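**Student:** Okay, here's the structure, questions in a sec.
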Amino acid sequence: MTRSKGVALVTGSAQGIGRAIAIRLARDGFDVALNDLPVKNAVLEDLAAELRRGEESEGSYSPRTCIVVGDVSKEDEVKRMIDTVVDELGSLDVMVANAGIAAVTDILTESVENWERTMTVNVTSTFLCYKYSAMQMVKQGRGGRIIGASSVVGKQASAGSLSYSTSKFAVRGLTQAAALQLGRNGITVNSYAPGAIETPMLAGLRAQDVKQDVRVQKAIDASAVGYIGQPEYIASAVSYLASKEAHFITGKLLIQHVPNAN
Ligand code: NAD
């Protein structure tokens, strides 16, 4: 593989699902821009070097990479991120608005502070990433792929994830509305909706609340497949949504393993 398939930007790509998506899209032949908070800059540098060396890549395409640290819940940082990607890599063809945060909260314990932070990081950031990537893709005039991170609790809420569920419902609405508007521009907009996936986020939730282990086990038992997810399983679905052949799929929430939540 010698020609790039285009430029993909993955937010929150220093770890977990975002990291797996960045590795997969590089393997698929995209040039990859990596975003995360400034504190993760060194991790992104290491990942970018790995992608260029193709250590975790099976294909022969050696991607160009670019690192754009910044807080994606801030409008000026999202604008700067996208301008930098276009300046350094030439275009933006796939936007993966993956960054997010989670905490165990319920209606009796939720604080306004945590509620607002969750909405800002999970909803405002996704809106900003969708908006500024869509503007760039419309300007380029050759379509594109916009993909966001919702969750299985963005379709069916759970009592212990009050603000988180609400924020992921919002990502679903945002995805549908954007998909309806952008379809005629050849831009598809979809979101992935993982259940429990083994990442630092899930480890953090388990550390925050011992009951989380029981909840995760219940979710696994209720799933069709009966085992916990790995970041690579989400990355493979994103790989398809990002591909040219997925042009007829838009406005969808992709839940991979919980039949009764579709
Ligand atoms: P994670 O916490 O392991 O990684 C998220 C990354 O996003 C971190 O590196 C973090 O620094 C970064 N980030 C957070 N806020 C940011 C900001 N404002 N700007 C830039 N980067 C920021 O999470 P994960 O488990 O890999 O989850 C990735 C996405 O998938 C999230 O949106 C999450 O809500 C969603 N999701 C995860 C699961 C799961 O079980 N792990 C389930 C459903 C949905």
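How things are named: the first chain in the structure tokens is A, the next is B, and so on; residues count from 1 in each chain; ligands count from 1 in the order shown.
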Which residues are near ligand 1 - at most 6 Å, using only C-alpha atoms and all ligand atoms? Format: as a ChimeraX atom specification.
**Tutor:** /A:11-18,36-37,70-73,98-101,121,149-151,193-202
**Student:** Could you take the residues named above and write them with N, CA and C atoms, as a compact mmCIF listing (two decimals), in the first residue's frame?
**Tutor:**
# COMPACT_ATOMS: atom_id res chain seq x y z
N THR A 11 -9.50 11.96 18.57
CA THR A 11 -9.34 12.67 19.84
C THR A 11 -9.27 11.65 20.99
N GLY A 12 -8.58 12.04 22.05
CA GLY A 12 -8.43 11.14 23.20
C GLY A 12 -7.72 9.86 22.81
N SER A 13 -6.63 10.00 22.01
CA SER A 13 -6.01 8.79 21.44
C SER A 13 -4.78 8.31 22.21
N ALA A 14 -4.53 8.87 23.39
CA ALA A 14 -3.35 8.43 24.15
C ALA A 14 -3.55 7.05 24.77
N GLN A 15 -4.79 6.62 24.91
CA GLN A 15 -5.02 5.34 25.61
C GLN A 15 -6.38 4.76 25.19
N GLY A 16 -6.63 3.55 25.64
CA GLY A 16 -7.96 2.95 25.50
C GLY A 16 -8.45 2.83 24.06
N ILE A 17 -9.72 3.15 23.88
CA ILE A 17 -10.37 2.97 22.58
C ILE A 17 -9.75 3.89 21.52
N GLY A 18 -9.45 5.12 21.89
CA GLY A 18 -8.88 6.07 20.93
C GLY A 18 -7.54 5.59 20.39
N ASP A 36 -4.89 14.53 22.36
CA ASP A 36 -5.28 14.24 23.75
C ASP A 36 -4.93 15.49 24.55
N LEU A 37 -5.14 15.46 25.84
CA LEU A 37 -4.81 16.60 26.69
C LEU A 37 -3.29 16.82 26.68
N GLY A 70 -4.56 19.26 23.03
CA GLY A 70 -5.52 20.33 23.33
C GLY A 70 -6.76 19.76 23.98
N ASP A 71 -7.49 20.64 24.64
CA ASP A 71 -8.73 20.26 25.31
C ASP A 71 -9.87 20.45 24.32
N VAL A 72 -10.47 19.36 23.88
CA VAL A 72 -11.48 19.45 22.82
C VAL A 72 -12.83 19.99 23.30
N SER A 73 -12.93 20.31 24.59
CA SER A 73 -14.18 20.95 25.03
C SER A 73 -14.09 22.47 24.87
N ASN A 98 -13.62 10.95 19.90
CA ASN A 98 -13.62 9.82 20.85
C ASN A 98 -13.48 10.26 22.31
N ALA A 99 -12.82 11.39 22.56
CA ALA A 99 -12.50 11.78 23.94
C ALA A 99 -13.75 11.87 24.80
N GLY A 100 -13.64 11.40 26.03
CA GLY A 100 -14.78 11.47 26.94
C GLY A 100 -14.34 11.16 28.35
N ILE A 101 -15.24 11.45 29.29
CA ILE A 101 -14.98 11.14 30.70
C ILE A 101 -16.21 10.44 31.29
N VAL A 121 -17.37 18.06 28.57
CA VAL A 121 -16.35 17.20 27.94
C VAL A 121 -16.99 16.21 26.96
N ALA A 149 -18.24 9.07 19.85
CA ALA A 149 -18.32 8.04 20.89
C ALA A 149 -19.60 8.26 21.69
N SER A 150 -20.57 7.39 21.48
CA SER A 150 -21.73 7.34 22.37
C SER A 150 -21.46 6.18 23.34
N SER A 151 -22.48 5.44 23.69
CA SER A 151 -22.32 4.32 24.62
C SER A 151 -23.61 3.52 24.59
N ALA A 193 -21.21 2.65 20.11
CA ALA A 193 -21.87 2.60 21.42
C ALA A 193 -21.39 1.38 22.18
N PRO A 194 -20.19 1.46 22.73
CA PRO A 194 -19.67 0.29 23.44
C PRO A 194 -20.43 0.01 24.73
N GLY A 195 -20.43 -1.24 25.13
CA GLY A 195 -20.78 -1.61 26.50
C GLY A 195 -19.49 -1.55 27.29
N ALA A 196 -19.25 -2.52 28.15
CA ALA A 196 -18.02 -2.48 28.95
C ALA A 196 -16.82 -2.90 28.09
N ILE A 197 -15.85 -1.99 27.99
CA ILE A 197 -14.62 -2.25 27.24
C ILE A 197 -13.45 -2.05 28.21
N GLU A 198 -12.51 -2.97 28.16
CA GLU A 198 -11.38 -2.90 29.11
C GLU A 198 -10.41 -1.78 28.75
N THR A 199 -10.55 -0.66 29.41
CA THR A 199 -9.69 0.51 29.18
C THR A 199 -9.38 1.15 30.53
N PRO A 200 -8.48 2.14 30.55
CA PRO A 200 -8.26 2.88 31.81
C PRO A 200 -9.53 3.51 32.35
N MET A 201 -10.48 3.92 31.46
CA MET A 201 -11.73 4.50 31.96
C MET A 201 -12.49 3.49 32.80
N LEU A 202 -12.61 2.27 32.31
CA LEU A 202 -13.36 1.25 33.06
C LEU A 202 -12.64 0.92 34.37
**Student:** Report, in Å with one decimal, the straight-line distance from CA of Ser158 in chain A to CA of Lys74 in chain A.
**Tutor:**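 If I compute the distance from CA of Ser158 in chain A to CA of Lys74 in chain A, I get 28.2 Å.
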**Student:** Excluding range 24-30 of chain A and any residue of its chain fewer than 2 positions from it, enumerate the residues within 7 Å of it, using only C-alpha atoms, and give them as a ChimeraX atom specification.
**Tutor:** /A:4-8,20-22,32,51,57-59,61,63,235,239
**Student:** Go ahead and write the residues just picked, N, CA, C and O atoms, as a PDB file, in the first residue's frame.
**Tutor:**
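So the final result, stored in again38.pdb, reads:
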ATOM      1  N   SER A   4      -1.835   7.159   0.552  1.00  0.00           N
ATOM      2  CA  SER A   4      -2.666   7.380   1.734  1.00  0.00           C
ATOM      3  C   SER A   4      -4.146   7.344   1.358  1.00  0.00           C
ATOM      4  O   SER A   4      -4.538   7.813   0.302  1.00  0.00           O
ATOM      5  N   LYS A   5      -4.961   6.801   2.262  1.00  0.00           N
ATOM      6  CA  LYS A   5      -6.413   6.817   2.035  1.00  0.00           C
ATOM      7  C   LYS A   5      -7.032   8.132   2.468  1.00  0.00           C
ATOM      8  O   LYS A   5      -8.235   8.323   2.356  1.00  0.00           O
ATOM      9  N   GLY A   6      -6.223   9.016   3.041  1.00  0.00           N
ATOM     10  CA  GLY A   6      -6.731  10.290   3.540  1.00  0.00           C
ATOM     11  C   GLY A   6      -6.197  10.542   4.937  1.00  0.00           C
ATOM     12  O   GLY A   6      -5.329   9.817   5.417  1.00  0.00           O
ATOM     13  N   VAL A   7      -6.747  11.566   5.562  1.00  0.00           N
ATOM     14  CA  VAL A   7      -6.250  11.973   6.880  1.00  0.00           C
ATOM     15  C   VAL A   7      -7.338  11.754   7.931  1.00  0.00           C
ATOM     16  O   VAL A   7      -8.469  12.214   7.771  1.00  0.00           O
ATOM     17  N   ALA A   8      -6.978  11.036   8.990  1.00  0.00           N
ATOM     18  CA  ALA A   8      -7.915  10.782  10.090  1.00  0.00           C
ATOM     19  C   ALA A   8      -7.392  11.453  11.355  1.00  0.00           C
ATOM     20  O   ALA A   8      -6.197  11.409  11.647  1.00  0.00           O
ATOM     21  N   ALA A  20      -6.524   2.473  20.181  1.00  0.00           N
ATOM     22  CA  ALA A  20      -6.765   1.324  19.289  1.00  0.00           C
ATOM     23  C   ALA A  20      -7.286   1.794  17.929  1.00  0.00           C
ATOM     24  O   ALA A  20      -6.916   1.241  16.886  1.00  0.00           O
ATOM     25  N   ILE A  21      -8.125   2.824  17.939  1.00  0.00           N
ATOM     26  CA  ILE A  21      -8.656   3.347  16.660  1.00  0.00           C
ATOM     27  C   ILE A  21      -7.523   3.965  15.835  1.00  0.00           C
ATOM     28  O   ILE A  21      -7.431   3.741  14.622  1.00  0.00           O
ATOM     29  N   ALA A  22      -6.655   4.729  16.489  1.00  0.00           N
ATOM     30  CA  ALA A  22      -5.540   5.355  15.760  1.00  0.00           C
ATOM     31  C   ALA A  22      -4.653   4.287  15.120  1.00  0.00           C
ATOM     32  O   ALA A  22      -4.249   4.400  13.955  1.00  0.00           O
ATOM     33  N   VAL A  32      -2.473   9.800  10.188  1.00  0.00           N
ATOM     34  CA  VAL A  32      -3.224   9.899  11.441  1.00  0.00           C
ATOM     35  C   VAL A  32      -2.750  11.073  12.297  1.00  0.00           C
ATOM     36  O   VAL A  32      -1.558  11.193  12.603  1.00  0.00           O
ATOM     37  N   LEU A  51       3.482   4.282  15.131  1.00  0.00           N
ATOM     38  CA  LEU A  51       2.677   4.224  13.902  1.00  0.00           C
ATOM     39  C   LEU A  51       3.569   4.389  12.681  1.00  0.00           C
ATOM     40  O   LEU A  51       3.413   3.668  11.685  1.00  0.00           O
ATOM     41  N   SER A  57       1.542  -2.293  12.875  1.00  0.00           N
ATOM     42  CA  SER A  57       0.803  -2.237  11.625  1.00  0.00           C
ATOM     43  C   SER A  57       1.129  -3.464  10.769  1.00  0.00           C
ATOM     44  O   SER A  57       2.275  -3.855  10.652  1.00  0.00           O
ATOM     45  N   GLU A  58       0.106  -4.021  10.138  1.00  0.00           N
ATOM     46  CA  GLU A  58       0.350  -5.189   9.288  1.00  0.00           C
ATOM     47  C   GLU A  58       0.575  -4.783   7.836  1.00  0.00           C
ATOM     48  O   GLU A  58       1.135  -5.517   7.047  1.00  0.00           O
ATOM     49  N   GLY A  59       0.066  -3.597   7.462  1.00  0.00           N
ATOM     50  CA  GLY A  59       0.209  -3.152   6.073  1.00  0.00           C
ATOM     51  C   GLY A  59       1.576  -2.553   5.849  1.00  0.00           C
ATOM     52  O   GLY A  59       2.369  -2.374   6.773  1.00  0.00           O
ATOM     53  N   TYR A  61       1.974   0.455   4.372  1.00  0.00           N
ATOM     54  CA  TYR A  61       1.888   1.912   4.334  1.00  0.00           C
ATOM     55  C   TYR A  61       2.442   2.497   5.624  1.00  0.00           C
ATOM     56  O   TYR A  61       2.048   2.105   6.723  1.00  0.00           O
ATOM     57  N   PRO A  63       2.379   5.595   7.759  1.00  0.00           N
ATOM     58  CA  PRO A  63       1.576   6.811   7.796  1.00  0.00           C
ATOM     59  C   PRO A  63       2.365   8.047   8.182  1.00  0.00           C
ATOM     60  O   PRO A  63       3.329   7.964   8.938  1.00  0.00           O
ATOM     61  N   ALA A 235     -12.402  -0.560  17.469  1.00  0.00           N
ATOM     62  CA  ALA A 235     -11.589  -0.026  16.367  1.00  0.00           C
ATOM     63  C   ALA A 235     -11.934  -0.697  15.041  1.00  0.00           C
ATOM     64  O   ALA A 235     -11.941  -0.048  13.991  1.00  0.00           O
ATOM     65  N   SER A 239     -13.158   1.228  11.809  1.00  0.00           N
ATOM     66  CA  SER A 239     -12.447   1.039  10.538  1.00  0.00           C
ATOM     67  C   SER A 239     -13.444   0.917   9.385  1.00  0.00           C
ATOM     68  O   SER A 239     -13.288   1.544   8.331  1.00  0.00           O
TER      69      SER A 239
END
**Student:** I'd like to know which residues of range 9-77 of chain A are alpha helix (DSSP H) (by DSSP, run on the backbone); could you write them as JSON, numbers by chain?
**Tutor:** {"A": [16, 17, 18, 19, 20, 21, 22, 23, 24, 25, 26, 27, 28, 41, 42, 43, 44, 45, 46, 47, 48, 49, 50, 51, 52, 53, 75, 76, 77]}
**Student:** Would you mind exporting the chosen residues as a short mmCIF file (atom, residue, chain, number, x, y, z; two decimals), in the first residue's frame, restricted to N, CA and C atoms?
**Tutor:**
data_model
loop_
_atom_site.label_atom_id
_atom_site.label_comp_id
_atom_site.auth_asym_id
_atom_site.auth_seq_id
_atom_site.Cartn_x
_atom_site.Cartn_y
_atom_site.Cartn_z
N GLY A 16 -6.63 3.55 25.64
CA GLY A 16 -7.96 2.95 25.50
C GLY A 16 -8.45 2.83 24.06
N ILE A 17 -9.72 3.15 23.88
CA ILE A 17 -10.37 2.97 22.58
C ILE A 17 -9.75 3.89 21.52
N GLY A 18 -9.45 5.12 21.89
CA GLY A 18 -8.88 6.07 20.93
C GLY A 18 -7.54 5.59 20.39
N ARG A 19 -6.72 5.06 21.27
CA ARG A 19 -5.41 4.53 20.84
C ARG A 19 -5.60 3.38 19.85
N ALA A 20 -6.52 2.47 20.18
CA ALA A 20 -6.76 1.32 19.29
C ALA A 20 -7.29 1.79 17.93
N ILE A 21 -8.12 2.82 17.94
CA ILE A 21 -8.66 3.35 16.66
C ILE A 21 -7.52 3.97 15.83
N ALA A 22 -6.66 4.73 16.49
CA ALA A 22 -5.54 5.36 15.76
C ALA A 22 -4.65 4.29 15.12
N ILE A 23 -4.35 3.24 15.88
CA ILE A 23 -3.51 2.15 15.35
C ILE A 23 -4.20 1.48 14.15
N ARG A 24 -5.49 1.24 14.31
CA ARG A 24 -6.23 0.55 13.24
C ARG A 24 -6.30 1.40 11.97
N LEU A 25 -6.59 2.70 12.13
CA LEU A 25 -6.72 3.55 10.94
C LEU A 25 -5.38 3.71 10.24
N ALA A 26 -4.29 3.75 11.01
CA ALA A 26 -2.95 3.79 10.40
C ALA A 26 -2.71 2.50 9.60
N ARG A 27 -3.10 1.39 10.20
CA ARG A 27 -2.94 0.09 9.51
C ARG A 27 -3.80 0.04 8.24
N ASP A 28 -4.95 0.72 8.28
CA ASP A 28 -5.84 0.76 7.12
C ASP A 28 -5.30 1.65 6.00
N ASN A 41 1.16 14.45 26.12
CA ASN A 41 1.96 14.70 24.92
C ASN A 41 3.02 13.62 24.69
N ALA A 42 3.74 13.23 25.75
CA ALA A 42 4.83 12.25 25.58
C ALA A 42 4.28 10.90 25.12
N VAL A 43 3.11 10.53 25.63
CA VAL A 43 2.49 9.25 25.22
C VAL A 43 2.13 9.31 23.73
N LEU A 44 1.61 10.47 23.31
CA LEU A 44 1.25 10.62 21.89
C LEU A 44 2.50 10.58 21.01
N GLU A 45 3.60 11.17 21.49
CA GLU A 45 4.86 11.13 20.72
C GLU A 45 5.28 9.69 20.50
N ASP A 46 5.21 8.88 21.56
CA ASP A 46 5.60 7.46 21.45
C ASP A 46 4.68 6.73 20.47
N LEU A 47 3.38 7.01 20.59
CA LEU A 47 2.42 6.33 19.69
C LEU A 47 2.68 6.73 18.24
N ALA A 48 2.92 8.03 18.02
CA ALA A 48 3.17 8.49 16.64
C ALA A 48 4.40 7.79 16.06
N ALA A 49 5.44 7.66 16.88
CA ALA A 49 6.65 6.98 16.41
C ALA A 49 6.36 5.52 16.07
N GLU A 50 5.56 4.88 16.92
CA GLU A 50 5.18 3.48 16.67
C GLU A 50 4.40 3.36 15.36
N LEU A 51 3.48 4.28 15.13
CA LEU A 51 2.68 4.22 13.90
C LEU A 51 3.57 4.39 12.68
N ARG A 52 4.52 5.32 12.76
CA ARG A 52 5.39 5.56 11.61
C ARG A 52 6.29 4.36 11.34
N ARG A 53 6.74 3.72 12.41
CA ARG A 53 7.59 2.53 12.23
C ARG A 53 6.77 1.33 11.77
N GLU A 75 -13.63 25.69 22.33
CA GLU A 75 -13.82 25.99 20.91
C GLU A 75 -12.52 26.42 20.22
N ASP A 76 -11.77 27.33 20.84
CA ASP A 76 -10.57 27.82 20.15
C ASP A 76 -9.54 26.69 19.99
N GLU A 77 -9.53 25.74 20.92
CA GLU A 77 -8.55 24.64 20.81
C GLU A 77 -8.97 23.64 19.71
#
**Student:** Do you have the CA of Asp31 in chain A-CA of Leu92 in chain A distance handy?
**Tutor:**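 If I compute the distance from CA of Asp31 in chain A to CA of Leu92 in chain A, I get 9.7 Å.
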**Student:** Provide the CA of Lys155 in chain A to CA of Ala237 in chain A distance in Å, to one decimal place.
**Tutor:**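 So the two atoms, CA of Lys155 in chain A and CA of Ala237 in chain A, lie 18.0 Å apart.
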**Student:** Quick one: residues within 6 Å of range 168-185 of chain A, only C-alpha atoms, excluding same-chain residues fewer than 3 positions away - as a PyMOL selection string?
**Tutor:** chain A and resi 143+150-151+154+165+188-190+250-251
